[in-house]
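A.B. asks: Sharing entry_10.csv (CSV, C-alpha atoms and all ligand atoms) below.
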chain,number,residue,atom,x,y,z
A,1,MET,CA,-241.4,-118.2,62.9
A,2,GLY,CA,-240.4,-119.6,59.5
A,3,PRO,CA,-241.6,-122.9,58.0
A,4,ALA,CA,-242.5,-125.8,60.2
A,5,MET,CA,-239.3,-127.8,60.8
A,6,ARG,CA,-239.3,-131.2,62.2
A,7,LEU,CA,-235.9,-132.9,62.2
A,8,ILE,CA,-234.2,-136.0,63.4
A,9,LEU,CA,-230.4,-135.8,63.9
A,10,ILE,CA,-228.4,-139.0,63.4
A,11,GLY,CA,-224.7,-139.2,64.1
A,12,PRO,CA,-222.2,-141.1,66.2
A,13,PRO,CA,-221.8,-140.4,69.9
A,14,GLY,CA,-219.4,-137.4,70.2
A,15,GLY,CA,-220.1,-136.4,66.6
A,16,GLY,CA,-221.5,-133.0,67.6
A,17,LYS,CA,-225.2,-133.9,67.4
A,18,GLY,CA,-226.0,-132.2,70.7
A,19,THR,CA,-224.1,-129.0,69.7
A,20,GLN,CA,-225.7,-128.8,66.3
A,21,ALA,CA,-229.1,-129.5,67.8
A,22,LYS,CA,-228.7,-126.5,70.2
A,23,LEU,CA,-227.7,-124.2,67.3
A,24,LEU,CA,-230.7,-125.4,65.2
A,25,ARG,CA,-233.0,-124.8,68.2
A,26,LYS,CA,-231.8,-121.3,68.5
A,27,LYS,CA,-231.8,-120.4,64.9
A,28,PHE,CA,-235.1,-122.0,63.9
A,29,ASN,CA,-236.9,-121.8,67.3
A,30,LEU,CA,-237.2,-125.5,67.7
A,31,CYS,CA,-237.8,-127.7,70.7
A,32,HIS,CA,-234.7,-129.7,71.3
A,33,ILE,CA,-235.5,-133.3,72.5
A,34,ALA,CA,-232.5,-135.3,73.7
A,35,THR,CA,-233.2,-138.7,75.2
A,36,GLY,CA,-229.6,-138.9,76.5
A,37,ASP,CA,-230.2,-135.8,78.5
A,38,LEU,CA,-233.6,-137.0,79.7
A,39,LEU,CA,-232.1,-140.3,80.8
A,40,ARG,CA,-229.1,-138.7,82.6
A,41,GLU,CA,-231.6,-136.4,84.4
A,42,ALA,CA,-233.7,-139.5,85.4
A,43,VAL,CA,-230.6,-141.2,86.6
A,44,LYS,CA,-229.6,-138.1,88.7
A,45,LEU,CA,-233.2,-137.8,90.1
A,46,ASP,CA,-233.1,-141.6,90.8
A,47,THR,CA,-236.6,-142.1,89.3
A,48,PRO,CA,-237.7,-145.7,88.6
A,49,ALA,CA,-236.7,-145.2,84.9
A,50,GLY,CA,-233.4,-143.7,86.0
A,51,ARG,CA,-232.6,-146.7,88.2
A,52,LEU,CA,-233.3,-149.1,85.3
A,53,ALA,CA,-231.2,-146.9,82.9
A,54,ARG,CA,-228.2,-146.2,85.1
A,55,PRO,CA,-226.0,-149.3,84.5
A,56,LEU,CA,-226.9,-149.3,80.8
A,57,VAL,CA,-226.1,-145.6,80.2
A,58,ALA,CA,-222.9,-146.0,82.2
A,59,GLN,CA,-221.8,-148.9,80.0
A,60,GLY,CA,-222.8,-147.4,76.7
A,61,GLY,CA,-225.5,-149.9,76.0
A,62,LEU,CA,-229.0,-148.9,74.9
A,63,VAL,CA,-231.9,-148.7,77.4
A,64,PRO,CA,-235.0,-150.7,76.5
A,65,ASP,CA,-237.1,-149.3,73.6
A,66,ASP,CA,-240.3,-149.3,75.8
A,67,LEU,CA,-238.7,-147.0,78.3
A,68,VAL,CA,-237.5,-144.3,75.8
A,69,ASN,CA,-240.7,-144.7,73.6
A,70,GLU,CA,-242.8,-144.0,76.6
A,71,MET,CA,-240.7,-141.0,77.6
A,72,ILE,CA,-241.2,-139.5,74.1
A,73,ALA,CA,-244.8,-140.4,73.8
A,74,GLU,CA,-245.5,-138.7,77.1
A,75,ARG,CA,-243.7,-135.5,75.9
A,76,PHE,CA,-245.9,-135.4,72.8
A,77,ARG,CA,-249.1,-136.0,74.7
A,78,ARG,CA,-248.7,-132.9,76.9
A,79,ASP,CA,-250.6,-129.7,76.2
A,80,ASP,CA,-247.4,-128.0,75.3
A,81,ARG,CA,-246.4,-130.7,72.8
A,82,PRO,CA,-243.7,-129.7,70.3
A,83,GLU,CA,-244.8,-128.9,66.8
A,84,ARG,CA,-241.3,-127.8,65.6
A,85,PHE,CA,-238.5,-129.9,66.9
A,86,VAL,CA,-235.1,-131.4,66.5
A,87,MET,CA,-234.7,-135.0,67.9
A,88,ASP,CA,-231.3,-135.7,69.2
A,89,GLY,CA,-230.5,-139.3,70.0
A,90,TYR,CA,-234.0,-140.7,69.2
A,91,PRO,CA,-235.2,-142.8,67.4
A,92,ARG,CA,-232.2,-145.1,67.7
A,93,THR,CA,-233.7,-148.5,66.7
A,94,LEU,CA,-236.4,-149.7,64.2
A,95,ALA,CA,-238.7,-150.3,67.1
A,96,GLN,CA,-238.3,-146.7,68.2
A,97,VAL,CA,-238.8,-145.5,64.6
A,98,ALA,CA,-242.2,-147.4,64.5
A,99,ALA,CA,-243.2,-146.0,67.9
A,100,PHE,CA,-242.2,-142.5,66.9
A,101,GLU,CA,-244.1,-142.7,63.6
A,102,GLN,CA,-247.2,-143.6,65.5
A,103,VAL,CA,-246.8,-140.7,67.8
A,104,LEU,CA,-246.4,-138.3,64.9
A,105,ARG,CA,-249.3,-139.7,63.0
A,106,GLN,CA,-251.5,-139.2,66.1
A,107,GLN,CA,-250.5,-135.5,66.1
A,108,TYR,CA,-250.8,-135.1,62.3
A,109,LEU,CA,-247.1,-134.1,62.1
A,110,ASP,CA,-244.7,-135.1,59.4
A,111,LEU,CA,-240.9,-135.1,59.3
A,112,THR,CA,-239.0,-132.5,57.3
A,113,ALA,CA,-235.7,-134.3,57.2
A,114,VAL,CA,-233.3,-136.8,58.8
A,115,LEU,CA,-229.9,-135.2,59.1
A,116,LEU,CA,-227.0,-137.6,59.1
A,117,ILE,CA,-223.8,-136.1,60.6
A,118,SER,CA,-220.9,-138.3,59.5
A,119,VAL,CA,-217.7,-138.4,61.4
A,120,ASP,CA,-214.8,-140.9,61.3
A,121,ASP,CA,-214.7,-143.4,64.1
A,122,GLU,CA,-211.0,-142.6,65.0
A,123,GLU,CA,-211.8,-138.9,65.2
A,124,ILE,CA,-214.7,-139.7,67.6
A,125,VAL,CA,-212.4,-141.8,69.8
A,126,GLN,CA,-209.9,-139.0,69.9
A,127,ARG,CA,-212.5,-136.4,70.7
A,128,LEU,CA,-214.3,-138.3,73.4
A,129,SER,CA,-211.6,-140.1,75.2
A,130,GLY,CA,-209.8,-136.8,75.7
A,131,ARG,CA,-212.8,-135.1,77.3
A,132,ARG,CA,-212.7,-134.1,81.0
A,133,TYR,CA,-215.0,-132.2,83.2
A,134,CYS,CA,-215.0,-130.6,86.6
A,135,PRO,CA,-217.4,-132.5,89.0
A,136,LYS,CA,-217.7,-129.3,91.1
A,137,CYS,CA,-218.5,-126.5,88.6
A,138,GLN,CA,-219.2,-128.6,85.4
A,139,ALA,CA,-216.6,-126.8,83.3
A,140,THR,CA,-215.4,-128.9,80.4
A,141,TYR,CA,-212.0,-129.5,78.9
A,142,HIS,CA,-210.2,-131.6,76.3
A,143,ILE,CA,-206.7,-132.9,77.0
A,144,ARG,CA,-205.6,-131.9,73.5
A,145,HIS,CA,-208.0,-129.3,72.2
A,146,LYS,CA,-208.8,-127.4,75.4
A,147,PRO,CA,-206.3,-128.4,78.1
A,148,PRO,CA,-206.6,-126.8,81.6
A,149,ARG,CA,-203.7,-124.6,82.7
A,150,ILE,CA,-202.5,-127.1,85.3
A,151,ALA,CA,-202.8,-130.7,84.3
A,152,ASP,CA,-206.0,-132.4,85.6
A,153,ARG,CA,-207.1,-129.3,87.6
A,154,CYS,CA,-210.1,-127.1,86.9
A,155,ASP,CA,-209.1,-123.6,85.8
A,156,GLU,CA,-212.2,-122.1,87.5
A,157,CYS,CA,-212.2,-123.8,90.9
A,158,GLY,CA,-209.1,-126.0,91.1
A,159,ALA,CA,-211.0,-129.3,91.6
A,160,ALA,CA,-209.5,-132.5,90.2
A,161,LEU,CA,-210.9,-133.1,86.7
A,162,VAL,CA,-212.7,-136.4,85.9
A,163,GLN,CA,-213.7,-138.4,82.9
A,164,ARG,CA,-217.4,-139.3,82.2
A,165,GLU,CA,-217.6,-143.0,82.6
A,166,ASP,CA,-219.1,-143.4,79.1
A,167,ASP,CA,-216.3,-141.4,77.6
A,168,MET,CA,-213.6,-144.0,78.4
A,169,GLU,CA,-212.1,-145.4,75.2
A,170,ALA,CA,-213.4,-148.9,75.6
A,171,THR,CA,-216.9,-147.6,76.2
A,172,VAL,CA,-216.6,-145.2,73.3
A,173,ARG,CA,-215.7,-148.1,71.0
A,174,ARG,CA,-218.7,-150.1,72.3
A,175,ARG,CA,-221.0,-147.1,71.8
A,176,LEU,CA,-219.7,-146.7,68.2
A,177,ALA,CA,-220.3,-150.4,67.5
A,178,VAL,CA,-223.9,-150.1,68.8
A,179,TYR,CA,-224.3,-146.9,66.8
A,180,HIS,CA,-223.2,-148.5,63.5
A,181,ARG,CA,-225.3,-151.7,64.1
A,182,ASN,CA,-228.5,-149.7,64.7
A,183,THR,CA,-228.2,-146.8,62.2
A,184,ALA,CA,-227.8,-149.0,59.1
A,185,ASP,CA,-231.4,-150.1,59.5
A,186,LEU,CA,-232.6,-146.7,60.4
A,187,LEU,CA,-231.0,-145.0,57.5
A,188,ASP,CA,-232.4,-147.7,55.0
A,189,HIS,CA,-235.8,-146.9,56.4
A,190,TYR,CA,-235.5,-143.1,56.1
A,191,ARG,CA,-233.7,-143.3,52.7
A,192,ARG,CA,-236.7,-145.1,51.3
A,193,GLN,CA,-238.8,-142.1,52.4
A,194,ASN,CA,-236.2,-139.8,50.8
A,195,LEU,CA,-235.7,-137.9,54.0
A,196,VAL,CA,-232.0,-138.4,54.6
A,197,ARG,CA,-229.6,-135.4,54.1
A,198,GLU,CA,-226.0,-136.3,54.8
A,199,VAL,CA,-223.6,-133.7,56.2
A,200,ASP,CA,-219.9,-133.9,56.8
A,201,GLY,CA,-219.4,-133.5,60.5
A,202,SER,CA,-215.7,-132.9,60.5
A,203,GLY,CA,-214.2,-129.5,61.2
A,204,ALA,CA,-215.3,-126.5,63.2
A,205,ILE,CA,-218.7,-126.2,64.8
A,206,GLU,CA,-219.8,-123.2,62.6
A,207,THR,CA,-218.6,-125.0,59.4
A,208,VAL,CA,-220.7,-128.0,60.2
A,209,PHE,CA,-223.7,-125.8,61.0
A,210,SER,CA,-223.5,-123.9,57.7
A,211,ARG,CA,-223.3,-127.3,55.9
A,212,ILE,CA,-226.5,-128.2,57.7
A,213,GLU,CA,-228.2,-125.0,56.7
A,214,ASN,CA,-227.2,-125.6,53.1
A,215,VAL,CA,-228.9,-129.0,52.9
A,216,LEU,CA,-232.1,-127.8,54.7
B,1,LIG,P1,-226.4,-139.8,74.2
B,1,LIG,O1,-226.2,-138.6,75.1
B,1,LIG,O2,-227.5,-139.6,73.1
B,1,LIG,O3,-225.1,-140.4,73.6
B,1,LIG,O4,-227.1,-140.9,75.1
B,1,LIG,C1,-226.4,-141.4,76.2
B,1,LIG,C2,-226.9,-142.8,76.6
B,1,LIG,O5,-228.3,-142.8,76.9
B,1,LIG,C3,-226.7,-143.8,75.5
B,1,LIG,O6,-225.4,-144.4,75.5
B,1,LIG,C4,-227.8,-144.8,75.9
B,1,LIG,O7,-227.4,-145.7,77.0
B,1,LIG,C5,-228.9,-144.0,76.4
B,1,LIG,N1,-229.8,-143.5,75.3
B,1,LIG,C6,-230.0,-142.3,74.8
B,1,LIG,N2,-230.9,-142.2,73.8
B,1,LIG,C7,-231.4,-143.5,73.7
B,1,LIG,C8,-232.3,-144.2,72.8
B,1,LIG,N3,-233.0,-143.5,71.9
B,1,LIG,N4,-232.5,-145.5,73.0
B,1,LIG,C9,-231.8,-146.2,73.9
B,1,LIG,N5,-230.9,-145.7,74.7
B,1,LIG,C10,-230.7,-144.3,74.6
Do you think you could lay out the structure here as structure tokens?
Ligand code: AMP
C.D. replies:
Amino acid sequence: MGPAMRLILIGPPGGGKGTQAKLLRKKFNLCHIATGDLLREAVKLDTPAGRLARPLVAQGGLVPDDLVNEMIAERFRRDDRPERFVMDGYPRTLAQVAAFEQVLRQQYLDLTAVLLISVDDEEIVQRLSGRRYCPKCQATYHIRHKPPRIADRCDECGAALVQREDDMEATVRRRLAVYHRNTADLLDHYRRQNLVREVDGSGAIETVFSRIENVL
């Protein structure tokens, strides 16, 4: 199983956090906890939390701390609570940091590291605003890096490609502003605990992953 590993990933939206979290999960057998995925799922299922979150997620704002804190606390109260994990997109605010520390304390768990994946804002805008997906079969494309054979048509099923509402440029810029505003405090906090390991998030997926392995 390897040593206990309990990580928090911090990085801009579209910075490859989710991708790297999945690789970490596989390599180190970790539980991958992504509040963005949990929230999108709640929106899709139209739960009470999902109804509250829907407009906020669509506009790139943060959903209230209490809502995500409760979602996470619930996950850690279950019998199959994670002991080795990678947090992806949580905590995002100091209030969430405080709530998460309490959850971990109750479970006698401590953090191994906070990984900061840094990527330039302009690269993020370029990456995200070019992203398209097929609403029918979920295939993903990028107008520059992975264009479909016929413009705006899915290679797999021919359906018209669409853009995720929160990937539109104006929304991406808003999400980046929110990200920078909140992470400054977060990083100060974790730097004081000497937990932050910074990794250059530019370049190929495998390159970034080996940089992560190097700092761990
Ligand atoms: P992500 O996939 O992590 O970029 O999250 C997508 C959206 O879900 C964000 O833009 C927020 O609206 C919401 N969200 C995800 N995680 C959190 C969090 N920890 N706190 C507040 N809102 C969140």
A.B. asks: Write out as number ranges by chain each polymer residue whose atoms come within 12 Å of Arg197 in chain A, counting all atoms listed in the file; drop sequence neighbours fewer than 2 positions from it.
C.D. replies: A: 7-11, 112-118, 187, 190-191, 193-195, 199-200, 211-216
A.B. asks: Report, in Å to a single decimal, how far apart atom N4 of ligand LIG 1 (chain B) and CA of Tyr90 in chain A are.
C.D. replies: 6.3 Å
A.B. asks: Provide the CA of Glu123 in chain A to CA of Pro12 in chain A distance in Å, to one decimal place.
C.D. replies: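 A separation of 10.7 Å between them.
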A.B. asks: For a test of reading the model, state the distance in Å between CA of Arg131 in chain A and CA of Leu52 in chain A, rounded to one decimal.
C.D. replies: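 Atom-to-atom, CA of Arg131 in chain A and CA of Leu52 in chain A are spaced 26.1 Å apart.
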A.B. asks: Which residue out of A:Glu169, A:Glu206, A:Asp65, A:Glu122 has the minimum interatomic distance to ligand LIG 1 (chain B) when all atoms listed in the file are used?
C.D. replies: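 Checking each of A:Glu169, A:Glu206, A:Asp65, A:Glu122 against ligand LIG 1 (chain B), counting all atoms listed in the file, the winner is A:Asp65.
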A.B. asks: List all protein, DNA and RNA residues that have at least one atom no more than 9 Å from any atom of ligand LIG 1 (chain B), counting only C-alpha atoms and all ligand atoms, and write them as a ChimeraX atom specification.
C.D. replies: /A:12-14,17-18,34-40,53-65,67-69,88-93,96,166,175,178
A.B. asks: Within 10 Å of Phe76 in chain A, counting all atoms listed in the file, which residues show up once you throw out same-chain ones fewer than 5 positions away? Write them as a ChimeraX atom specification, please.
C.D. replies: /A:70-71,81-83,100,103-104,106-107
A.B. asks: Tell me which of A:Gly130, A:Pro48, A:Pro148, A:Gly16 sits closest to Val172 in chain A, counting only C-alpha atoms.
C.D. replies: A:Gly130
A.B. asks: Applying 12 Å and all atoms listed in the file, which residues near Glu156 in chain A remain after dropping the ones on its own chain fewer than 6 positions away? List them as a PyMOL selection string.
C.D. replies: chain A and resi 133-141+148-150
A.B. asks: Tell me which of A:Leu186, A:Met168, A:Val208, A:Val97 sits closest to Ile124 in chain A, counting only C-alpha atoms.
C.D. replies: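 Looking only at the distances to Ile124 in chain A, the closest residue turns out to be A:Met168.
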